[in-house]
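Enquirer: Have a look at the structure that comes next, please.
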Amino acid sequence: MLATHLHRWKSVALTTAAVLVGLTAPALTASPAAATTTAYDSTYYKNAVGKTGTSLKSALHTIISSQSKISYSAVWDALKVTDQDPNNTSNVLLLYSGVSRSKSLNGGDVGDWNREHTWAKSHGDFGEVTGPGTDLHHLRAADVQVNSTRGNLDFDNGGSAVTNGGGSKVDSDSFEPRDADKGDVARMILYMAVRYEGDDGFADLEPNEKVNNGSNPYMGKLSILKAWNEADPPSAFEERRNQVIYDTYQHNRNPFIDHPEWVEAIW
């Protein structure tokens with residue numbers, strides 16, 4: 001059963017006070033994600049709730065590092081379940097383009113969908129190894145050509161429209177997903193940064209404020225990812241996906257889908 005989110009909005013009194021103190025202050029483009037509670041707070045997340053900063057990141061790392069791993073070949077069938085189109089069970093919904101495509105069209109040809117590593121596998125040089133290379137929390141079904149256009153680019157705003165990209169944009173050093181996928185991408189990238197801390201034989205993955213990170217174990221830009229997390233809250237599709245991965249495959253969760261406000265609490 002999907003976790004039930006109960007929103008606790010910031011005090012009106014605090015907001016009013018802030019307005020009275022700084023009437024000429026520029027308006028914020030996005031308010032911080034509201035604090036949430038989930039059915040997992042007293043069990044799965046019990047050692048993380050109430051913490052902030054490095055303490056929260058460390059607690060979440062310990063929690064989500066307990067997971068089952070699958071092979072890269074097994075990812076094909078897993079994505080047919082995790083990325084299923086809720087309006088057509090024969091199809092998957094593709095990241096970046098938003099296209100609904102037949103599950104049977106998985107492969108490497110034009111018109112197919114394939115396995116996109118949102119944290120580009122060259123950033124940290126983990127390839128398709130069981131672990132970060134097969135972690136379903138950052139692997140998504142994507143159109144072959146759109147996936148190729150993204151390549152291993154960092155994420156940032158700007159660029160020209162991607163052909164058949166659903167509104168996604170690209171330039172020489174970065175990729176901008178369509179608006180409906182921006183929060184998804186941010187939460188997948190930041191999951192990877194918490195899950196892989198360099199203590200299990202893989203690179204210590206971290207977000208930074210750069211593009212052109214190349215083979216370094218970094219992904220930018222953090223400030224943009226944080227803004228995307230705020231602007232595009234978790235959707236029902238994203239929440240269902242998190243639950244399916246937890247229940248059926250890896251038995252760990254992406255904490256930023258359950259608690260998007262934890263992005264700001266850590267970074």
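Ordered as shown in the structure tokens, chains take letters A, B, and onward, while each chain numbers its residues from 1 and ligands are numbered from 1 in the order shown.
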Using only C-alpha atoms, tabulate the residues of segment 22-131 of chain A lying at most 8 Å from any atom of segment 195-207 of chain A, each with its closest atom pair and that distance in Å to one decimal, by chain and increasing residue number, as a tab-separated table.

Expert:
```
residue	atom	partner	partner_atom	distance
A:Leu60	CA	A:Arg195	CA	7.9
A:His61	CA	A:Arg195	CA	5.2
A:Ile64	CA	A:Arg195	CA	6.4
A:Ser65	CA	A:Arg195	CA	5.9
A:Gly124	CA	A:Ala203	CA	5.6
A:Asp125	CA	A:Ala203	CA	7.9
A:Phe126	CA	A:Phe202	CA	7.1
```

Enquirer: Can you pull out the residues contacting Gly53 of chain A? Cut-off 9 Å, using only C-alpha atoms, and skip same-chain residues under 4 positions away; I want them as a ChimeraX atom specification.

Expert: /A:57-58,262,264-267

Enquirer: Go through A:Asp173, A:Glu239, A:Asp232, A:Asp135 one by one, measure the shortest atom-to-atom distance of each to Lys210 of chain A using only C-alpha atoms, and give the residue with the smallest value.

Expert: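 Nearest candidate to Lys210 of chain A out of A:Asp173, A:Glu239, A:Asp232, A:Asp135: A:Asp173.
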
Enquirer: Excluding same-chain residues fewer than 6 positions from Asn242 of chain A, what lies within 9 Å of it counting only C-alpha atoms, as a PyMOL selection string?

Expert: chain A and resi 2+82+137+252-254+257-258

Enquirer: What does the file look like for those residues with N, CA, C and O atoms, as a PDB file, in the first residue's frame?

Expert:
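As written to disk, part-v8.pdb reads:
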```
ATOM      1  N   LEU A   2       0.557   2.203  -0.835  1.00  0.00           N
ATOM      2  CA  LEU A   2       1.359   3.404  -0.909  1.00  0.00           C
ATOM      3  C   LEU A   2       1.301   4.162   0.404  1.00  0.00           C
ATOM      4  O   LEU A   2       0.265   4.240   1.063  1.00  0.00           O
ATOM      5  N   THR A  82       8.067  -1.724 -13.099  1.00  0.00           N
ATOM      6  CA  THR A  82       8.198  -0.456 -12.365  1.00  0.00           C
ATOM      7  C   THR A  82       7.728   0.746 -13.174  1.00  0.00           C
ATOM      8  O   THR A  82       7.186   1.702 -12.627  1.00  0.00           O
ATOM      9  N   HIS A 137      16.451   2.325  -8.682  1.00  0.00           N
ATOM     10  CA  HIS A 137      16.023   3.646  -8.239  1.00  0.00           C
ATOM     11  C   HIS A 137      16.558   4.769  -9.118  1.00  0.00           C
ATOM     12  O   HIS A 137      16.118   5.910  -8.985  1.00  0.00           O
ATOM     13  N   ASN A 252      14.495  -1.767  -0.826  1.00  0.00           N
ATOM     14  CA  ASN A 252      14.885  -0.483  -0.230  1.00  0.00           C
ATOM     15  C   ASN A 252      14.092   0.620  -0.913  1.00  0.00           C
ATOM     16  O   ASN A 252      13.455   0.395  -1.950  1.00  0.00           O
ATOM     17  N   ARG A 253      14.095   1.805  -0.330  1.00  0.00           N
ATOM     18  CA  ARG A 253      13.253   2.890  -0.809  1.00  0.00           C
ATOM     19  C   ARG A 253      14.097   4.094  -1.202  1.00  0.00           C
ATOM     20  O   ARG A 253      15.226   4.264  -0.716  1.00  0.00           O
ATOM     21  N   ASN A 254      13.549   4.935  -2.077  1.00  0.00           N
ATOM     22  CA  ASN A 254      14.139   6.244  -2.328  1.00  0.00           C
ATOM     23  C   ASN A 254      13.536   7.200  -1.309  1.00  0.00           C
ATOM     24  O   ASN A 254      12.358   7.552  -1.398  1.00  0.00           O
ATOM     25  N   ILE A 257      11.511  10.440  -2.328  1.00  0.00           N
ATOM     26  CA  ILE A 257      10.128  10.329  -2.809  1.00  0.00           C
ATOM     27  C   ILE A 257       9.186  10.347  -1.615  1.00  0.00           C
ATOM     28  O   ILE A 257       8.134  10.988  -1.648  1.00  0.00           O
ATOM     29  N   ASP A 258       9.563   9.658  -0.547  1.00  0.00           N
ATOM     30  CA  ASP A 258       8.750   9.656   0.670  1.00  0.00           C
ATOM     31  C   ASP A 258       8.837  10.984   1.412  1.00  0.00           C
ATOM     32  O   ASP A 258       7.851  11.440   1.998  1.00  0.00           O
TER      33      ASP A 258
END
```

Enquirer: What separation in Å, quoted to one decimal, exists between atom CA of Leu139 of chain A and atom CA of Glu116 of chain A?

Expert: 5.5 Å

Enquirer: Name the residues in contact with Arg187 of chain A at a cut-off of 9 Å, using only C-alpha atoms, excluding same-chain residues fewer than 6 positions from it; report them as a ChimeraX atom specification.

Expert: /A:138,225-226,228-229,234,254-257,260,263

Enquirer: Please, which residues of segment 39-252 of chain A, numbered as in this document, come out strand (DSSP E) from DSSP, as a count of residues only?

Expert: 36

Enquirer: Please indicate the distance in Å from atom CA of Val99 of chain A to atom CA of Asp179 of chain A, rounded to one decimal place.

Expert: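 Calculated distance between atom CA of Val99 of chain A and atom CA of Asp179 of chain A is 14.0 Å.
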
Enquirer: Between A:His117, A:Arg178, A:Lys221, A:Lys51, which has the minimum distance to Ser148 of chain A (counting only C-alpha atoms)?

Expert: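 Nearest to Ser148 of chain A: A:His117.
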
Enquirer: Running DSSP on the backbone, which parts of segment 16-220 of chain A land in helix (DSSP H, G or I), as a PyMOL selection string?

Expert: chain A and resi 16-21+53-64+72-82+132-134+144-150+179-195

Enquirer: Just the residues within 9 Å of Gly98 of chain A, please, counting only C-alpha atoms, with nothing from its chain fewer than 4 positions along; format it as a list in words.

Expert: Leu93, Leu94, Ala142, Gly165, Gly166, Arg178, Ala180 and Asp181 of chain A

Enquirer: So what do you get for atom CA of Gly183 of chain A versus atom CA of Glu230 of chain A, distance-wise?

Expert: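 Pair atom CA of Gly183 of chain A / atom CA of Glu230 of chain A returns 7.2 Å.
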
Enquirer: Pick from A:Thr118, A:Thr37, A:Ser215, A:Ser68: nearest to Ile245 of chain A, with only C-alpha atoms counted?

Expert: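 Smallest distance to Ile245 of chain A is found for A:Ser68.
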
Enquirer: Looking at A:Val49, A:Ala227, A:Ser104, A:Gln145, which one is nearest to Trp76 of chain A, with distances taken over only C-alpha atoms?

Expert: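 Under the stated criterion, the closest residue is A:Ser104.
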